[in-house]
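S.K.: Structure supplied as run.csv; contents: CSV, C-alpha atoms and all ligand atoms.
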chain,number,residue,atom,x,y,z
A,1,MET,CA,0.0,0.0,0.0
A,2,PRO,CA,1.4,3.4,-0.9
A,3,ARG,CA,1.9,5.7,2.0
A,4,PRO,CA,-0.7,8.4,2.2
A,5,GLU,CA,0.5,11.9,1.3
A,6,ARG,CA,2.0,13.2,4.5
A,7,ARG,CA,2.2,16.8,3.6
A,8,ILE,CA,-0.6,19.0,4.6
A,9,LYS,CA,-2.8,19.4,1.5
A,10,LYS,CA,-1.8,22.5,-0.4
A,11,ARG,CA,-4.5,24.9,-1.5
A,12,GLU,CA,-5.7,24.2,-5.0
A,13,LYS,CA,-4.1,26.5,-7.5
A,14,LYS,CA,-6.8,29.0,-7.9
A,15,GLU,CA,-5.9,32.5,-8.7
A,16,MET,CA,-8.2,35.4,-9.1
A,17,ARG,CA,-7.8,38.1,-11.6
A,18,PHE,CA,-9.3,41.6,-11.5
A,19,ASP,CA,-9.2,43.9,-14.5
A,20,VAL,CA,-10.2,47.5,-13.6
A,21,LEU,CA,-11.1,50.1,-16.2
A,22,THR,CA,-10.7,53.6,-15.0
A,23,ILE,CA,-9.5,57.1,-16.1
A,24,PHE,CA,-7.6,57.3,-12.8
A,25,PRO,CA,-5.3,54.2,-12.7
A,26,ASP,CA,-3.0,55.7,-10.1
A,27,MET,CA,-5.7,55.5,-7.4
A,28,PHE,CA,-5.3,51.7,-7.1
A,29,SER,CA,-1.7,50.8,-6.1
A,30,PRO,CA,-1.6,52.9,-2.9
A,31,TYR,CA,-4.4,50.8,-1.5
A,32,LEU,CA,-3.5,47.4,-3.0
A,33,ARG,CA,0.1,47.3,-1.9
A,34,HIS,CA,-0.8,47.1,1.8
A,35,GLY,CA,-1.8,44.4,4.2
A,36,VAL,CA,-3.2,41.0,3.3
A,37,LEU,CA,-4.1,42.2,-0.2
A,38,GLY,CA,-0.6,43.3,-0.8
A,39,LYS,CA,0.7,40.0,0.3
A,40,ALA,CA,-1.8,38.1,-1.8
A,41,ILE,CA,-0.8,40.1,-4.9
A,42,GLU,CA,2.9,39.5,-4.0
A,43,LYS,CA,2.2,35.7,-3.8
A,44,GLY,CA,0.4,35.8,-7.1
A,45,ILE,CA,-2.9,34.4,-5.7
A,46,VAL,CA,-4.6,37.7,-6.7
A,47,LYS,CA,-3.8,39.7,-9.8
A,48,VAL,CA,-5.0,43.2,-10.4
A,49,ASN,CA,-4.6,44.7,-13.9
A,50,VAL,CA,-5.5,48.4,-14.0
A,51,ILE,CA,-6.4,49.7,-17.5
A,52,ASN,CA,-6.4,53.3,-18.3
A,53,ILE,CA,-9.5,54.0,-20.4
A,54,ARG,CA,-7.7,57.0,-21.9
A,55,ASP,CA,-5.2,54.7,-23.6
A,56,PHE,CA,-8.1,53.6,-25.8
A,57,ALA,CA,-9.4,57.0,-26.6
A,58,THR,CA,-8.8,58.5,-30.1
A,59,GLY,CA,-8.4,62.0,-31.5
A,60,LYS,CA,-6.0,64.8,-30.6
A,61,HIS,CA,-7.3,65.2,-27.1
A,62,LYS,CA,-8.0,61.6,-26.2
A,63,ASN,CA,-11.3,62.5,-24.8
A,64,THR,CA,-13.1,59.9,-22.7
A,65,ASP,CA,-16.2,62.0,-22.1
A,66,ASP,CA,-18.6,64.1,-24.2
A,67,ARG,CA,-21.7,66.3,-23.8
A,68,PRO,CA,-25.0,64.5,-23.1
A,69,TYR,CA,-27.6,64.1,-25.9
A,70,GLY,CA,-30.7,66.0,-25.0
A,71,GLY,CA,-28.7,68.6,-23.1
A,72,GLY,CA,-28.2,69.1,-19.4
A,73,GLU,CA,-25.4,69.5,-16.9
A,74,GLY,CA,-22.1,67.7,-16.9
A,75,MET,CA,-20.5,65.1,-19.2
A,76,VAL,CA,-21.0,61.5,-20.1
A,77,MET,CA,-18.4,58.8,-20.6
A,78,LYS,CA,-18.1,58.0,-24.3
A,79,PRO,CA,-18.8,54.3,-25.2
A,80,GLU,CA,-15.9,53.6,-27.7
A,81,PRO,CA,-12.9,53.9,-25.4
A,82,ILE,CA,-14.5,51.7,-22.8
A,83,TYR,CA,-15.6,49.2,-25.5
A,84,ARG,CA,-12.1,49.0,-27.0
A,85,ALA,CA,-10.5,48.7,-23.5
A,86,LEU,CA,-12.8,45.8,-22.8
A,87,LYS,CA,-12.0,44.0,-26.1
A,88,SER,CA,-8.3,44.3,-25.3
A,89,ILE,CA,-8.7,42.2,-22.2
A,90,GLU,CA,-7.7,38.5,-22.4
A,91,ARG,CA,-10.7,36.6,-21.0
A,92,LYS,CA,-10.4,33.7,-18.7
A,93,GLU,CA,-12.8,30.8,-18.6
A,94,LYS,CA,-15.1,32.0,-15.9
A,95,SER,CA,-15.2,35.8,-16.3
A,96,LEU,CA,-17.7,38.5,-15.5
A,97,VAL,CA,-18.0,42.2,-16.6
A,98,ILE,CA,-19.3,44.4,-13.8
A,99,LEU,CA,-20.4,48.0,-13.8
A,100,LEU,CA,-20.1,49.9,-10.5
A,101,SER,CA,-22.9,52.4,-9.9
A,102,PRO,CA,-25.5,53.4,-7.3
A,103,GLN,CA,-28.1,51.9,-9.6
A,104,GLY,CA,-26.7,48.4,-9.2
A,105,GLU,CA,-27.6,45.4,-7.0
A,106,ARG,CA,-26.4,46.0,-3.5
A,107,PHE,CA,-23.1,44.4,-2.6
A,108,ASP,CA,-22.9,42.3,0.5
A,109,GLN,CA,-20.9,39.3,1.9
A,110,ASP,CA,-23.1,36.8,0.1
A,111,MET,CA,-22.4,38.5,-3.2
A,112,ALA,CA,-18.7,38.5,-2.3
A,113,TRP,CA,-18.9,34.7,-1.9
A,114,GLU,CA,-20.6,34.4,-5.3
A,115,LEU,CA,-18.1,36.6,-7.1
A,116,SER,CA,-15.2,34.6,-5.5
A,117,SER,CA,-16.1,31.6,-7.6
A,118,TYR,CA,-15.1,33.5,-10.8
A,119,ASP,CA,-11.6,33.4,-12.3
A,120,GLN,CA,-11.8,36.9,-13.5
A,121,LEU,CA,-13.8,40.0,-12.6
A,122,ILE,CA,-13.7,43.0,-15.0
A,123,LEU,CA,-14.7,46.2,-13.1
A,124,ILE,CA,-15.8,49.3,-15.0
A,125,CYS,CA,-15.4,52.5,-13.0
A,126,GLY,CA,-17.6,55.4,-14.1
A,127,ARG,CA,-16.9,59.1,-13.6
A,128,TYR,CA,-18.7,62.4,-14.5
A,129,GLU,CA,-22.5,62.1,-14.7
A,130,GLY,CA,-22.3,58.5,-15.9
A,131,ILE,CA,-21.5,56.1,-18.7
A,132,ASP,CA,-23.2,55.9,-22.1
A,133,GLU,CA,-26.1,53.5,-21.7
A,134,ARG,CA,-24.9,51.3,-24.6
A,135,ILE,CA,-22.0,50.0,-22.5
A,136,ARG,CA,-24.5,48.8,-19.9
A,137,ILE,CA,-26.6,47.1,-22.6
A,138,LEU,CA,-23.7,45.6,-24.6
A,139,CYS,CA,-21.0,44.8,-22.1
A,140,ALA,CA,-22.1,44.8,-18.4
A,141,LYS,CA,-23.3,41.4,-17.3
A,142,LYS,CA,-23.9,42.7,-13.8
A,143,GLU,CA,-24.3,46.2,-12.1
A,144,ILE,CA,-23.2,46.5,-8.5
A,145,SER,CA,-23.7,49.3,-5.9
A,146,ILE,CA,-21.7,49.2,-2.7
A,147,GLY,CA,-24.3,51.4,-0.9
A,148,ASP,CA,-26.9,54.1,-1.2
A,149,TYR,CA,-24.7,57.2,-1.6
A,150,ILE,CA,-23.1,58.9,-4.6
A,151,LEU,CA,-19.3,58.7,-5.1
A,152,SER,CA,-17.4,60.9,-7.5
A,153,GLY,CA,-16.4,57.8,-9.3
A,154,GLY,CA,-16.6,54.0,-9.2
A,155,GLU,CA,-12.9,53.6,-8.1
A,156,PRO,CA,-13.5,53.2,-4.3
A,157,ALA,CA,-16.3,50.8,-5.1
A,158,ALA,CA,-14.0,48.7,-7.3
A,159,LEU,CA,-11.5,48.6,-4.4
A,160,VAL,CA,-14.2,47.6,-2.0
A,161,ILE,CA,-15.1,44.6,-4.2
A,162,ILE,CA,-11.5,43.6,-4.9
A,163,ASP,CA,-10.8,43.6,-1.1
A,164,ALA,CA,-13.9,41.8,0.1
A,165,VAL,CA,-13.7,39.1,-2.7
A,166,SER,CA,-9.9,38.6,-2.4
A,167,ARG,CA,-10.2,37.7,1.3
A,168,LEU,CA,-12.4,34.7,0.3
A,169,ILE,CA,-9.8,33.3,-2.1
A,170,PRO,CA,-8.0,30.3,-0.5
A,171,GLY,CA,-4.6,31.3,0.7
A,172,VAL,CA,-5.2,35.0,1.0
A,173,LEU,CA,-5.9,35.0,4.7
A,174,GLY,CA,-3.1,33.1,6.4
A,175,GLY,CA,-3.1,30.5,9.1
A,176,GLU,CA,-5.6,31.0,11.9
A,177,MET,CA,-8.0,33.1,9.8
A,178,SER,CA,-8.0,30.7,6.9
A,179,ASN,CA,-11.2,29.4,8.5
A,180,ILE,CA,-12.9,32.1,6.5
A,181,GLU,CA,-16.3,31.4,7.8
A,182,GLU,CA,-15.1,34.0,10.3
A,183,SER,CA,-15.1,36.6,7.5
A,184,PHE,CA,-18.6,37.4,8.6
A,185,ASN,CA,-18.9,35.5,11.8
A,186,ASN,CA,-21.8,33.3,10.7
A,187,GLY,CA,-23.8,36.3,9.7
A,188,LEU,CA,-23.4,38.0,13.1
A,189,LEU,CA,-21.6,41.3,14.0
A,190,GLU,CA,-18.2,40.9,15.7
A,191,TYR,CA,-17.9,40.4,19.4
A,192,PRO,CA,-16.0,43.0,21.5
A,193,GLN,CA,-12.2,42.7,21.3
A,194,TYR,CA,-9.7,43.5,24.0
A,195,THR,CA,-5.9,43.6,24.2
A,196,ARG,CA,-3.5,44.9,26.8
A,197,PRO,CA,-3.5,46.8,29.1
A,198,ARG,CA,-5.9,45.0,31.4
A,199,VAL,CA,-7.2,48.3,32.8
A,200,PHE,CA,-7.5,51.3,30.5
A,201,GLU,CA,-8.9,54.6,31.8
A,202,GLY,CA,-10.6,52.7,34.5
A,203,LEU,CA,-12.2,50.2,32.2
A,204,GLU,CA,-11.4,46.5,32.8
A,205,VAL,CA,-11.2,43.7,30.4
A,206,PRO,CA,-14.1,41.3,31.0
A,207,GLU,CA,-13.1,38.6,33.6
A,208,VAL,CA,-14.0,35.6,31.3
A,209,LEU,CA,-11.3,36.6,28.8
A,210,LEU,CA,-8.6,36.3,31.4
A,211,SER,CA,-9.9,32.9,32.7
A,212,GLY,CA,-8.2,30.7,30.2
A,213,ASN,CA,-11.4,28.7,29.9
A,214,HIS,CA,-11.7,28.5,26.1
A,215,GLU,CA,-15.1,27.0,26.0
A,216,GLU,CA,-16.5,29.8,28.3
A,217,ILE,CA,-14.7,32.4,26.2
A,218,ARG,CA,-16.2,31.0,23.0
A,219,LYS,CA,-19.7,31.0,24.4
A,220,TRP,CA,-19.3,34.6,25.8
A,221,ARG,CA,-18.1,35.8,22.5
A,222,ARG,CA,-21.0,34.2,20.7
A,223,ARG,CA,-23.5,35.7,23.2
A,224,GLU,CA,-21.9,39.2,22.8
A,225,ALA,CA,-22.1,38.9,19.1
A,226,ILE,CA,-25.8,38.0,19.3
A,227,LYS,CA,-26.5,40.9,21.7
A,228,ARG,CA,-24.7,43.4,19.5
A,229,THR,CA,-26.4,42.1,16.3
A,230,LEU,CA,-29.9,42.3,17.9
A,231,GLU,CA,-29.2,45.9,19.1
A,232,ARG,CA,-27.7,47.2,15.9
A,233,ARG,CA,-28.6,45.0,13.0
A,234,PRO,CA,-31.6,42.8,13.9
A,235,ASP,CA,-32.2,42.3,10.1
A,236,LEU,CA,-29.0,40.1,10.0
A,237,LEU,CA,-30.4,37.6,12.6
A,238,GLU,CA,-32.8,36.2,10.0
A,239,LYS,CA,-29.8,34.7,8.0
A,240,ALA,CA,-27.5,34.1,11.0
A,241,ASN,CA,-26.4,30.6,11.8
A,242,LEU,CA,-27.3,29.9,15.4
A,243,ASN,CA,-27.4,26.6,17.4
A,244,GLU,CA,-30.1,25.5,19.8
A,245,GLU,CA,-28.6,27.1,22.8
A,246,GLU,CA,-27.9,30.4,21.0
A,247,ARG,CA,-31.5,30.6,19.7
A,248,LYS,CA,-32.8,30.2,23.2
A,249,PHE,CA,-30.4,33.0,24.3
A,250,LEU,CA,-31.7,35.2,21.5
A,251,GLU,CA,-35.3,34.5,22.6
A,252,GLU,CA,-34.5,35.5,26.2
A,253,LEU,CA,-32.9,38.8,24.9
A,254,ARG,CA,-36.0,39.5,22.8
A,255,LYS,CA,-38.3,39.1,25.7
A,256,ARG,CA,-36.5,41.7,27.8
A,301,LIG,N1,-22.5,53.9,-4.7
A,301,LIG,N2,-21.6,51.9,-5.7
A,301,LIG,C1,-21.1,53.8,-6.7
A,301,LIG,C2,-21.0,55.2,-7.0
A,301,LIG,C3,-20.1,56.8,-8.7
A,301,LIG,C4,-21.0,58.7,-11.8
A,301,LIG,C5,-21.2,56.3,-12.3
A,301,LIG,C6,-21.8,53.2,-5.6
A,301,LIG,O1,-20.9,51.6,-6.7
A,301,LIG,N3,-20.5,52.7,-7.3
A,301,LIG,O2,-21.5,56.1,-6.3
A,301,LIG,N4,-20.3,55.5,-8.2
A,301,LIG,C7,-20.8,57.1,-10.0
A,301,LIG,C8,-20.4,58.4,-10.4
A,301,LIG,C9,-20.8,57.7,-12.8
A,301,LIG,C10,-20.6,56.0,-11.0
Would you mind writing the file's structure down as C-alpha cells?
M.R.:
Amino acid sequence: MPRPERRIKKREKKEMRFDVLTIFPDMFSPYLRHGVLGKAIEKGIVKVNVINIRDFATGKHKNTDDRPYGGGEGMVMKPEPIYRALKSIERKEKSLVILLSPQGERFDQDMAWELSSYDQLILICGRYEGIDERIRILCAKKEISIGDYILSGGEPAALVIIDAVSRLIPGVLGGEMSNIEESFNNGLLEYPQYTRPRVFEGLEVPEVLLSGNHEEIRKWRRREAIKRTLERRPDLLEKANLNEEERKFLEELRKR
C-alpha cells in the first residue's frame, strides 16, 4: 500500500484576476500594496490589472467624455474607449464584466462569496454624470452598488469589491484566519475585542477573557455577538447561523 500523502494538503491552484477600467489608474496601487491584499498580490494568488481607459481614446485630445444628448449638466463617458478597452482584455474561462454604480444590485458578503467563484472580474469605474447606456446594454453582465450614496467615481467601489472578494480566495488569509467562515462571523456582527492593558482609563477587560477557559470564552463571544447584532442590525439575525442554545439565548434577549 502506498503511504498516504504526509504533507498538509496544499490549497488548490486557484488565482483570481481583476481587470479594472478607469480614467484614474494611479488610485489603485496605494491601497492594493498594503496588508493581506498586498501579500496576496505578491504571492500571485490575486492579480490586479489596471487599465487606463484614456489609452483607448482616439483623437487629438484623447477625450473619454462628451456632452449629453438632450442637453443638461455635466459630461457622459463615451462608449468607444471603454468598449475598446474591454475588447483588449484577455478573457479567462469564468469571467464577469461588472459596472459599478449606485443603480446596481447592493453588494454584501453573500455576493462577495458568489463573485469569489469566478476566475476573472472585470470592473468598470464610471466618472462624471455616468456612462453611455450602450455600455450597460452591450457589455455589463452585472451592475453593482456598494451602498446608497453617490461617489465621485466608481474607483472606491472597485477597491471595496477587490478587497472583500480577495479575502475569500483560499490562501489570501493566512493560518488562523484561513477558517474564513469568520469573514462574517456566521452572519453576526463581531464580538468585542480587548488587548493589553488589562485596565485602561478605569475600564477593565471582562473577567472571562482572562480565565483561560476556552469553552467559556467561545460562548461569551457568541453571546456578545448575538446581543450586538440584535441591538444594531436585527435584520442580520434572519440569516444568521445559530445553534439550539444560541437561539434560546436570543429569545431571552428579545423578551426583555
Ligand atoms: N454607490 N456603488 C457607486 C458610485 C459613482 C457617476 C457612475 C456606488 O458603486 N458605485 O457612487 N459610483 C458614480 C459616479 C458615474 C458611478
S.K.: To one decimal place, how far is atom N1 of ligand LIG 301 (chain A) from atom CA of A:Ile89 in Å?
M.R.: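 Between these atoms lies a distance of 25.2 Å.
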S.K.: May I have the residues within 10 Å of A:Leu242 as a ChimeraX atom specification, using all atoms listed in the file and disregarding those fewer than 3 positions away in the same chain?
M.R.: /A:186-188,222,226,237-239,245-250
S.K.: List all protein, DNA and RNA residues that have any atom at most 9 Å from ligand LIG 301 (chain A), counting all atoms listed in the file, and write the list as a count of residues only.
M.R.: 34
S.K.: Identify which of the residues A:Glu114, A:Glu15, A:Glu251, A:Asp119 lies closest to A:Lys43, counting only C-alpha atoms when measuring atom-to-atom distances.
M.R.: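 The answer is A:Glu15, which sits nearest to A:Lys43.
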S.K.: Which one is closest to A:Leu96: A:Lys227, A:Lys141, A:Lys255, A:Arg17? Count all atoms listed in the file.
M.R.: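 Ranked by minimum distance to A:Leu96, first place goes to A:Lys141.
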S.K.: For A:Asp66, please output as a list in words all residues within 8 Å (counting all atoms listed in the file; exclusion window: fewer than 2 positions along the same chain).
M.R.: Asn63, Thr64, Pro68, Met75, Val76, Met77 and Lys78 of chain A
